[in-house]
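*Asks:* Dropping a structure here in structure tokens format, bear with me for questions.
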Amino acid sequence: MLELIGLAAGVLLGVLYPLPISSAMTLYAGIGLLAALDSGLGGYRARLQGEFHTGIFLSGIIGNAAIAVSLTWLGQKMGIPIYLAAVVVFGTRMFQNFGEIRRELLTSGPKKGKIKQDIEDFGEESTK
């Protein structure tokens with residue numbers, strides 16, 4: 001629930017106080033946003049699976065953004081669109097994380113019910 005409140009607050013601040021981005025920085029902002037979205041979905045997936053660690057999450061956001069922006073900068077200096085490597089990797093990982101989140105959300109209720117039923121069945125078998 002805290003995540004949704006943070007998301008709503010961020011969207012509200014963005015609407016109330018828009019931050020203009022120069023045309024020279026739009027590519028950097030876009031690739032940084034893509035890196036942050038990838039890390040956010042990965043963190044949410046880890047939270048659903050009970051494997052979330054704050055240090056891993058924060059280092060992932062900072063590391064992903066640094067690598068993506070560095071690739072973008074290097075590509076612009078060389079005249080080669082190297083940033084596309086980051087777009088492909090982060091885009092692929094976002095779809096993978098989304099798929100795992102979807103599966104976790106759709107199967108978490110039935111899984112819990114199945115586990116409970118298996119425990120009850122095992123208890124009945126052991127008393128026979």
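If you're wondering about the labels, chains in the structure tokens are A, B, ... by order shown, residues count from 1 in each chain, ligands from 1 in order shown.
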Give me the residues near Gly42 (chain A) as a PyMOL selection string, where near means some atom within 9 Å (using only C-alpha atoms) and where sequence neighbours in that chain fewer than 5 positions away do not count.
*Replies:* chain A and resi 37+47+57+93-94+97-98+101
*Asks:* Go ahead and dump the residues you just picked, N, CA and C atoms, as an mmCIF file, in the first residue's frame.
*Replies:*
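The result, written out as part_5.cif:
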```
data_model
loop_
_atom_site.group_PDB
_atom_site.id
_atom_site.type_symbol
_atom_site.label_atom_id
_atom_site.label_comp_id
_atom_site.auth_asym_id
_atom_site.auth_seq_id
_atom_site.Cartn_x
_atom_site.Cartn_y
_atom_site.Cartn_z
ATOM 1 N N LEU A 37 12.367 2.171 -13.824
ATOM 2 C CA LEU A 37 11.192 1.307 -13.944
ATOM 3 C C LEU A 37 11.572 -0.166 -13.861
ATOM 4 N N ARG A 47 9.619 -8.378 -3.610
ATOM 5 C CA ARG A 47 8.765 -8.218 -2.420
ATOM 6 C C ARG A 47 7.649 -9.252 -2.408
ATOM 7 N N PHE A 57 18.145 -3.483 -3.737
ATOM 8 C CA PHE A 57 17.250 -2.627 -4.509
ATOM 9 C C PHE A 57 17.900 -1.278 -4.816
ATOM 10 N N ARG A 93 13.925 -7.194 -19.363
ATOM 11 C CA ARG A 93 13.780 -7.497 -17.936
ATOM 12 C C ARG A 93 12.462 -6.987 -17.371
ATOM 13 N N MET A 94 11.979 -5.852 -17.881
ATOM 14 C CA MET A 94 10.686 -5.349 -17.417
ATOM 15 C C MET A 94 9.570 -6.318 -17.777
ATOM 16 N N ASN A 97 9.935 -9.371 -15.472
ATOM 17 C CA ASN A 97 9.455 -9.067 -14.123
ATOM 18 C C ASN A 97 7.940 -8.947 -14.098
ATOM 19 N N PHE A 98 7.368 -8.302 -15.120
ATOM 20 C CA PHE A 98 5.911 -8.179 -15.180
ATOM 21 C C PHE A 98 5.260 -9.554 -15.253
ATOM 22 N N ILE A 101 5.467 -11.124 -11.808
ATOM 23 C CA ILE A 101 4.524 -10.464 -10.902
ATOM 24 C C ILE A 101 3.105 -10.938 -11.191
#
```
*Asks:* Write out as a list in words the residues lying within 12 Å of Arg45 (chain A), counting only C-alpha atoms and excluding same-chain residues fewer than 3 positions away.
*Replies:*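 Listed by chain and then number, they are Asp38, Ser39, Gly40, Leu41, Gly42, Leu48, Gln49, Gly50, Glu51, Phe52, His53, Phe57, Arg93, Met94, Phe95, Gln96, Asn97, Phe98, Gly99, Glu100, Ile101, Arg102, Arg103, Glu104 and Leu105 of chain A.
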*Asks:* Taking N, CA and C atoms for each residue, export the selection above as an mmCIF file, in the first residue's frame.
*Replies:*
```cif
data_model
loop_
_atom_site.group_PDB
_atom_site.id
_atom_site.type_symbol
_atom_site.label_atom_id
_atom_site.label_comp_id
_atom_site.auth_asym_id
_atom_site.auth_seq_id
_atom_site.Cartn_x
_atom_site.Cartn_y
_atom_site.Cartn_z
ATOM 1 N N ASP A 38 12.683 -0.523 -14.486
ATOM 2 C CA ASP A 38 13.158 -1.902 -14.408
ATOM 3 C C ASP A 38 13.466 -2.277 -12.955
ATOM 4 N N SER A 39 14.166 -1.410 -12.260
ATOM 5 C CA SER A 39 14.502 -1.690 -10.860
ATOM 6 C C SER A 39 13.249 -1.725 -9.991
ATOM 7 N N GLY A 40 12.311 -0.826 -10.258
ATOM 8 C CA GLY A 40 11.068 -0.805 -9.480
ATOM 9 C C GLY A 40 10.268 -2.085 -9.643
ATOM 10 N N LEU A 41 10.126 -2.549 -10.878
ATOM 11 C CA LEU A 41 9.406 -3.808 -11.108
ATOM 12 C C LEU A 41 10.150 -4.987 -10.493
ATOM 13 N N GLY A 42 11.481 -4.963 -10.580
ATOM 14 C CA GLY A 42 12.266 -6.029 -9.952
ATOM 15 C C GLY A 42 12.107 -6.034 -8.440
ATOM 16 N N LEU A 48 7.034 -9.474 -3.564
ATOM 17 C CA LEU A 48 5.967 -10.474 -3.636
ATOM 18 C C LEU A 48 6.481 -11.876 -3.324
ATOM 19 N N GLN A 49 7.722 -12.142 -3.725
ATOM 20 C CA GLN A 49 8.299 -13.463 -3.501
ATOM 21 C C GLN A 49 8.996 -13.577 -2.150
ATOM 22 N N GLY A 50 8.976 -12.505 -1.364
ATOM 23 C CA GLY A 50 9.580 -12.521 -0.034
ATOM 24 C C GLY A 50 11.096 -12.490 -0.059
ATOM 25 N N GLU A 51 11.692 -11.950 -1.127
ATOM 26 C CA GLU A 51 13.142 -11.921 -1.270
ATOM 27 C C GLU A 51 13.697 -10.498 -1.343
ATOM 28 N N PHE A 52 12.924 -9.494 -0.943
ATOM 29 C CA PHE A 52 13.338 -8.104 -1.090
ATOM 30 C C PHE A 52 14.393 -7.739 -0.062
ATOM 31 N N HIS A 53 15.454 -7.056 -0.540
ATOM 32 C CA HIS A 53 16.504 -6.515 0.323
ATOM 33 C C HIS A 53 16.756 -5.075 -0.119
ATOM 34 N N PHE A 57 18.145 -3.483 -3.737
ATOM 35 C CA PHE A 57 17.250 -2.627 -4.509
ATOM 36 C C PHE A 57 17.900 -1.278 -4.816
ATOM 37 N N ARG A 93 13.925 -7.194 -19.363
ATOM 38 C CA ARG A 93 13.780 -7.497 -17.936
ATOM 39 C C ARG A 93 12.462 -6.987 -17.371
ATOM 40 N N MET A 94 11.979 -5.852 -17.881
ATOM 41 C CA MET A 94 10.686 -5.349 -17.417
ATOM 42 C C MET A 94 9.570 -6.318 -17.777
ATOM 43 N N PHE A 95 9.595 -6.842 -18.992
ATOM 44 C CA PHE A 95 8.573 -7.810 -19.389
ATOM 45 C C PHE A 95 8.695 -9.100 -18.578
ATOM 46 N N GLN A 96 9.908 -9.540 -18.295
ATOM 47 C CA GLN A 96 10.094 -10.742 -17.480
ATOM 48 C C GLN A 96 9.583 -10.518 -16.061
ATOM 49 N N ASN A 97 9.935 -9.371 -15.472
ATOM 50 C CA ASN A 97 9.455 -9.067 -14.123
ATOM 51 C C ASN A 97 7.940 -8.947 -14.098
ATOM 52 N N PHE A 98 7.368 -8.302 -15.120
ATOM 53 C CA PHE A 98 5.911 -8.179 -15.180
ATOM 54 C C PHE A 98 5.260 -9.554 -15.253
ATOM 55 N N GLY A 99 5.830 -10.454 -16.049
ATOM 56 C CA GLY A 99 5.289 -11.813 -16.147
ATOM 57 C C GLY A 99 5.346 -12.549 -14.815
ATOM 58 N N GLU A 100 6.457 -12.402 -14.102
ATOM 59 C CA GLU A 100 6.569 -13.064 -12.795
ATOM 60 C C GLU A 100 5.621 -12.449 -11.778
ATOM 61 N N ILE A 101 5.467 -11.124 -11.808
ATOM 62 C CA ILE A 101 4.524 -10.464 -10.902
ATOM 63 C C ILE A 101 3.105 -10.938 -11.191
ATOM 64 N N ARG A 102 2.761 -10.990 -12.461
ATOM 65 C CA ARG A 102 1.416 -11.440 -12.850
ATOM 66 C C ARG A 102 1.167 -12.864 -12.376
ATOM 67 N N ARG A 103 2.131 -13.749 -12.619
ATOM 68 C CA ARG A 103 1.967 -15.145 -12.178
ATOM 69 C C ARG A 103 1.848 -15.237 -10.660
ATOM 70 N N GLU A 104 2.664 -14.467 -9.963
ATOM 71 C CA GLU A 104 2.631 -14.498 -8.497
ATOM 72 C C GLU A 104 1.282 -14.014 -7.968
ATOM 73 N N LEU A 105 0.779 -12.937 -8.549
ATOM 74 C CA LEU A 105 -0.512 -12.400 -8.091
ATOM 75 C C LEU A 105 -1.675 -13.319 -8.444
#
```
*Asks:* Excluding Ala65 (chain A) and its own-chain neighbours fewer than 3 positions away, which residues fall within 10 Å of it when counting only C-alpha atoms? Please give them as a PyMOL selection string.
*Replies:* chain A and resi 28-29+31-36+38-39+59-62+68-71+86
*Asks:* Those residues with N, CA and C atoms, as a PDB file, in the first residue's frame please?
*Replies:*
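Final output, saved to again_25.pdb:
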```
ATOM      1  N   TYR A  28      18.819  11.155 -21.993  1.00  0.00           N
ATOM      2  CA  TYR A  28      19.323  10.733 -20.683  1.00  0.00           C
ATOM      3  C   TYR A  28      18.175  10.503 -19.697  1.00  0.00           C
ATOM      4  N   ALA A  29      17.207  11.398 -19.715  1.00  0.00           N
ATOM      5  CA  ALA A  29      16.058  11.254 -18.818  1.00  0.00           C
ATOM      6  C   ALA A  29      15.258  10.003 -19.156  1.00  0.00           C
ATOM      7  N   ILE A  31      16.295   7.186 -20.690  1.00  0.00           N
ATOM      8  CA  ILE A  31      17.013   5.960 -20.367  1.00  0.00           C
ATOM      9  C   ILE A  31      17.117   5.787 -18.853  1.00  0.00           C
ATOM     10  N   GLY A  32      17.254   6.894 -18.125  1.00  0.00           N
ATOM     11  CA  GLY A  32      17.261   6.816 -16.658  1.00  0.00           C
ATOM     12  C   GLY A  32      15.920   6.352 -16.117  1.00  0.00           C
ATOM     13  N   LEU A  33      14.842   6.843 -16.712  1.00  0.00           N
ATOM     14  CA  LEU A  33      13.500   6.418 -16.311  1.00  0.00           C
ATOM     15  C   LEU A  33      13.290   4.939 -16.602  1.00  0.00           C
ATOM     16  N   LEU A  34      13.768   4.479 -17.732  1.00  0.00           N
ATOM     17  CA  LEU A  34      13.657   3.061 -18.076  1.00  0.00           C
ATOM     18  C   LEU A  34      14.407   2.195 -17.058  1.00  0.00           C
ATOM     19  N   ALA A  35      15.604   2.634 -16.668  1.00  0.00           N
ATOM     20  CA  ALA A  35      16.382   1.906 -15.668  1.00  0.00           C
ATOM     21  C   ALA A  35      15.653   1.884 -14.325  1.00  0.00           C
ATOM     22  N   ALA A  36      15.056   3.010 -13.942  1.00  0.00           N
ATOM     23  CA  ALA A  36      14.323   3.072 -12.677  1.00  0.00           C
ATOM     24  C   ALA A  36      13.081   2.188 -12.710  1.00  0.00           C
ATOM     25  N   ASP A  38      12.683  -0.523 -14.486  1.00  0.00           N
ATOM     26  CA  ASP A  38      13.158  -1.902 -14.408  1.00  0.00           C
ATOM     27  C   ASP A  38      13.466  -2.277 -12.955  1.00  0.00           C
ATOM     28  N   SER A  39      14.166  -1.410 -12.260  1.00  0.00           N
ATOM     29  CA  SER A  39      14.502  -1.690 -10.860  1.00  0.00           C
ATOM     30  C   SER A  39      13.249  -1.725  -9.991  1.00  0.00           C
ATOM     31  N   SER A  59      21.126  -0.397  -4.680  1.00  0.00           N
ATOM     32  CA  SER A  59      22.302  -0.530  -5.542  1.00  0.00           C
ATOM     33  C   SER A  59      21.891  -0.844  -6.983  1.00  0.00           C
ATOM     34  N   GLY A  60      20.781  -1.531  -7.156  1.00  0.00           N
ATOM     35  CA  GLY A  60      20.274  -1.815  -8.495  1.00  0.00           C
ATOM     36  C   GLY A  60      19.810  -0.561  -9.201  1.00  0.00           C
ATOM     37  N   ILE A  61      19.071   0.283  -8.500  1.00  0.00           N
ATOM     38  CA  ILE A  61      18.606   1.536  -9.109  1.00  0.00           C
ATOM     39  C   ILE A  61      19.794   2.405  -9.501  1.00  0.00           C
ATOM     40  N   ILE A  62      20.714   2.604  -8.570  1.00  0.00           N
ATOM     41  CA  ILE A  62      21.859   3.474  -8.835  1.00  0.00           C
ATOM     42  C   ILE A  62      22.756   2.869  -9.926  1.00  0.00           C
ATOM     43  N   ALA A  68      23.284   2.857 -17.662  1.00  0.00           N
ATOM     44  CA  ALA A  68      22.464   3.304 -18.793  1.00  0.00           C
ATOM     45  C   ALA A  68      22.869   4.704 -19.250  1.00  0.00           C
ATOM     46  N   VAL A  69      23.058   5.613 -18.303  1.00  0.00           N
ATOM     47  CA  VAL A  69      23.437   6.978 -18.668  1.00  0.00           C
ATOM     48  C   VAL A  69      24.848   6.995 -19.241  1.00  0.00           C
ATOM     49  N   SER A  70      25.736   6.180 -18.694  1.00  0.00           N
ATOM     50  CA  SER A  70      27.107   6.100 -19.223  1.00  0.00           C
ATOM     51  C   SER A  70      27.113   5.588 -20.665  1.00  0.00           C
ATOM     52  N   LEU A  71      26.324   4.559 -20.934  1.00  0.00           N
ATOM     53  CA  LEU A  71      26.224   4.054 -22.301  1.00  0.00           C
ATOM     54  C   LEU A  71      25.672   5.123 -23.250  1.00  0.00           C
ATOM     55  N   ALA A  86      20.949  -0.774 -23.651  1.00  0.00           N
ATOM     56  CA  ALA A  86      20.251  -0.630 -22.370  1.00  0.00           C
ATOM     57  C   ALA A  86      18.738  -0.727 -22.567  1.00  0.00           C
TER      58      ALA A  86
END
```
*Asks:* Under the rule that only C-alpha atoms are counted, which of A:Gly30, A:Pro18, A:Gly10, A:Gly55 is the nearest residue to Thr72 (chain A)?
*Replies:*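 Under the stated criterion, the closest residue is A:Gly30.
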*Asks:* How many Å lie between CA of Ala24 (chain A) and CA of Leu7 (chain A), rounded to one decimal?
*Replies:* 26.9 Å
*Asks:* To one decimal place, how far is CA of Leu27 (chain A) from CA of Val89 (chain A) in Å?
*Replies:*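 Taking CA of Leu27 (chain A) as the start and CA of Val89 (chain A) as the end point, the length is 16.3 Å.
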*Asks:* Kindly give the distance, in Å, that separates CA of Gly63 (chain A) and CA of Thr26 (chain A), rounded to a single decimal.
*Replies:*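 Between CA of Gly63 (chain A) and CA of Thr26 (chain A) the gap works out to 19.7 Å.
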*Asks:* Please, which residues of chain A, numbered as in this document, come out helix (DSSP H, G or I) from DSSP, as a PDB file with C-alpha atoms, in the first residue's frame?
*Replies:*
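Writing done, so here's states.pdb:
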```pdb
ATOM      1  CA  LEU A   2       2.899   2.323   0.771  1.00  0.00           C
ATOM      2  CA  GLU A   3       4.166   1.882  -2.794  1.00  0.00           C
ATOM      3  CA  LEU A   4       0.868   3.095  -4.247  1.00  0.00           C
ATOM      4  CA  ILE A   5       0.856   6.132  -1.968  1.00  0.00           C
ATOM      5  CA  GLY A   6       4.396   6.981  -3.074  1.00  0.00           C
ATOM      6  CA  LEU A   7       3.472   6.531  -6.721  1.00  0.00           C
ATOM      7  CA  ALA A   8       0.390   8.743  -6.356  1.00  0.00           C
ATOM      8  CA  ALA A   9       2.413  11.422  -4.544  1.00  0.00           C
ATOM      9  CA  GLY A  10       5.075  11.361  -7.278  1.00  0.00           C
ATOM     10  CA  VAL A  11       2.519  11.668 -10.062  1.00  0.00           C
ATOM     11  CA  LEU A  12       0.753  14.487  -8.214  1.00  0.00           C
ATOM     12  CA  LEU A  13       4.029  16.388  -7.705  1.00  0.00           C
ATOM     13  CA  GLY A  14       4.898  15.899 -11.374  1.00  0.00           C
ATOM     14  CA  VAL A  15       1.554  17.300 -12.463  1.00  0.00           C
ATOM     15  CA  LEU A  16       1.583  20.247 -10.042  1.00  0.00           C
ATOM     16  CA  THR A  26      15.666  13.999 -23.003  1.00  0.00           C
ATOM     17  CA  LEU A  27      17.574  10.892 -24.075  1.00  0.00           C
ATOM     18  CA  TYR A  28      19.323  10.733 -20.683  1.00  0.00           C
ATOM     19  CA  ALA A  29      16.058  11.254 -18.818  1.00  0.00           C
ATOM     20  CA  GLY A  30      14.307   8.574 -20.861  1.00  0.00           C
ATOM     21  CA  ILE A  31      17.013   5.960 -20.367  1.00  0.00           C
ATOM     22  CA  GLY A  32      17.261   6.816 -16.658  1.00  0.00           C
ATOM     23  CA  LEU A  33      13.500   6.418 -16.311  1.00  0.00           C
ATOM     24  CA  LEU A  34      13.657   3.061 -18.076  1.00  0.00           C
ATOM     25  CA  ALA A  35      16.382   1.906 -15.668  1.00  0.00           C
ATOM     26  CA  ALA A  36      14.323   3.072 -12.677  1.00  0.00           C
ATOM     27  CA  LEU A  37      11.192   1.307 -13.944  1.00  0.00           C
ATOM     28  CA  ASP A  38      13.158  -1.902 -14.408  1.00  0.00           C
ATOM     29  CA  SER A  39      14.502  -1.690 -10.860  1.00  0.00           C
ATOM     30  CA  GLY A  40      11.068  -0.805  -9.480  1.00  0.00           C
ATOM     31  CA  LEU A  41       9.406  -3.808 -11.108  1.00  0.00           C
ATOM     32  CA  GLY A  42      12.266  -6.029  -9.952  1.00  0.00           C
ATOM     33  CA  GLY A  43      11.865  -4.759  -6.401  1.00  0.00           C
ATOM     34  CA  TYR A  44       8.121  -5.325  -6.445  1.00  0.00           C
ATOM     35  CA  ARG A  45       8.621  -8.871  -7.784  1.00  0.00           C
ATOM     36  CA  ALA A  46      11.172  -9.573  -5.053  1.00  0.00           C
ATOM     37  CA  ARG A  47       8.765  -8.218  -2.420  1.00  0.00           C
ATOM     38  CA  LEU A  48       5.967 -10.474  -3.636  1.00  0.00           C
ATOM     39  CA  THR A  54      16.789  -2.734   0.488  1.00  0.00           C
ATOM     40  CA  GLY A  55      20.522  -2.678  -0.222  1.00  0.00           C
ATOM     41  CA  ILE A  56      20.152  -4.784  -3.343  1.00  0.00           C
ATOM     42  CA  PHE A  57      17.250  -2.627  -4.509  1.00  0.00           C
ATOM     43  CA  LEU A  58      19.062   0.688  -3.984  1.00  0.00           C
ATOM     44  CA  SER A  59      22.302  -0.530  -5.542  1.00  0.00           C
ATOM     45  CA  GLY A  60      20.274  -1.815  -8.495  1.00  0.00           C
ATOM     46  CA  ILE A  61      18.606   1.536  -9.109  1.00  0.00           C
ATOM     47  CA  ILE A  62      21.859   3.474  -8.835  1.00  0.00           C
ATOM     48  CA  GLY A  63      23.906   0.935 -10.796  1.00  0.00           C
ATOM     49  CA  ASN A  64      21.338   0.497 -13.573  1.00  0.00           C
ATOM     50  CA  ALA A  65      20.917   4.245 -13.991  1.00  0.00           C
ATOM     51  CA  ALA A  66      24.684   4.850 -13.970  1.00  0.00           C
ATOM     52  CA  ILE A  67      25.349   2.175 -16.582  1.00  0.00           C
ATOM     53  CA  ALA A  68      22.464   3.304 -18.793  1.00  0.00           C
ATOM     54  CA  VAL A  69      23.437   6.978 -18.668  1.00  0.00           C
ATOM     55  CA  SER A  70      27.107   6.100 -19.223  1.00  0.00           C
ATOM     56  CA  LEU A  71      26.224   4.054 -22.301  1.00  0.00           C
ATOM     57  CA  THR A  72      24.105   6.913 -23.596  1.00  0.00           C
ATOM     58  CA  TRP A  73      26.883   9.460 -23.023  1.00  0.00           C
ATOM     59  CA  LEU A  74      29.542   7.231 -24.592  1.00  0.00           C
ATOM     60  CA  GLY A  75      27.315   6.526 -27.575  1.00  0.00           C
ATOM     61  CA  GLN A  76      26.674  10.214 -28.156  1.00  0.00           C
ATOM     62  CA  LYS A  77      30.412  10.950 -28.015  1.00  0.00           C
ATOM     63  CA  MET A  78      31.132   8.184 -30.539  1.00  0.00           C
ATOM     64  CA  TYR A  83      21.969   3.315 -25.513  1.00  0.00           C
ATOM     65  CA  LEU A  84      19.842   0.849 -27.484  1.00  0.00           C
ATOM     66  CA  ALA A  85      21.639  -1.969 -25.647  1.00  0.00           C
ATOM     67  CA  ALA A  86      20.251  -0.630 -22.370  1.00  0.00           C
ATOM     68  CA  VAL A  87      16.799  -0.205 -23.913  1.00  0.00           C
ATOM     69  CA  VAL A  88      16.773  -3.837 -25.056  1.00  0.00           C
ATOM     70  CA  VAL A  89      18.077  -5.227 -21.754  1.00  0.00           C
ATOM     71  CA  PHE A  90      15.872  -3.134 -19.483  1.00  0.00           C
ATOM     72  CA  GLY A  91      12.836  -3.637 -21.709  1.00  0.00           C
ATOM     73  CA  THR A  92      13.318  -7.406 -21.707  1.00  0.00           C
ATOM     74  CA  ARG A  93      13.780  -7.497 -17.936  1.00  0.00           C
ATOM     75  CA  MET A  94      10.686  -5.349 -17.417  1.00  0.00           C
ATOM     76  CA  PHE A  95       8.573  -7.810 -19.389  1.00  0.00           C
ATOM     77  CA  GLN A  96      10.094 -10.742 -17.480  1.00  0.00           C
ATOM     78  CA  ASN A  97       9.455  -9.067 -14.123  1.00  0.00           C
ATOM     79  CA  PHE A  98       5.911  -8.179 -15.180  1.00  0.00           C
ATOM     80  CA  GLY A  99       5.289 -11.813 -16.147  1.00  0.00           C
ATOM     81  CA  GLU A 100       6.569 -13.064 -12.795  1.00  0.00           C
ATOM     82  CA  ILE A 101       4.524 -10.464 -10.902  1.00  0.00           C
ATOM     83  CA  ARG A 102       1.416 -11.440 -12.850  1.00  0.00           C
ATOM     84  CA  ARG A 103       1.967 -15.145 -12.178  1.00  0.00           C
ATOM     85  CA  GLU A 104       2.631 -14.498  -8.497  1.00  0.00           C
ATOM     86  CA  LEU A 105      -0.512 -12.400  -8.091  1.00  0.00           C
ATOM     87  CA  LEU A 106      -2.717 -14.825 -10.022  1.00  0.00           C
ATOM     88  CA  THR A 107      -1.451 -17.967  -8.317  1.00  0.00           C
ATOM     89  CA  SER A 108      -0.760 -16.785  -4.760  1.00  0.00           C
ATOM     90  CA  GLY A 109      -4.336 -17.442  -3.537  1.00  0.00           C
ATOM     91  CA  PRO A 110      -4.690 -20.868  -5.166  1.00  0.00           C
ATOM     92  CA  LYS A 111      -1.167 -21.809  -4.011  1.00  0.00           C
ATOM     93  CA  LYS A 112      -1.984 -20.998  -0.402  1.00  0.00           C
ATOM     94  CA  GLY A 113      -5.234 -22.957  -0.634  1.00  0.00           C
ATOM     95  CA  LYS A 114      -3.452 -25.922  -2.225  1.00  0.00           C
ATOM     96  CA  ILE A 115      -0.724 -25.906   0.429  1.00  0.00           C
ATOM     97  CA  LYS A 116      -3.318 -25.761   3.192  1.00  0.00           C
ATOM     98  CA  GLN A 117      -5.251 -28.623   1.590  1.00  0.00           C
ATOM     99  CA  ASP A 118      -2.061 -30.689   1.221  1.00  0.00           C
ATOM    100  CA  ILE A 119      -1.243 -30.151   4.913  1.00  0.00           C
ATOM    101  CA  GLU A 120      -4.745 -31.192   5.937  1.00  0.00           C
ATOM    102  CA  ASP A 121      -4.588 -34.246   3.680  1.00  0.00           C
ATOM    103  CA  PHE A 122      -1.177 -35.189   5.092  1.00  0.00           C
ATOM    104  CA  GLY A 123      -2.518 -34.824   8.643  1.00  0.00           C
ATOM    105  CA  GLU A 124      -5.466 -37.115   7.861  1.00  0.00           C
ATOM    106  CA  GLU A 125      -3.178 -39.727   6.275  1.00  0.00           C
ATOM    107  CA  SER A 126      -0.812 -39.781   9.236  1.00  0.00           C
TER     108      SER A 126
END
```
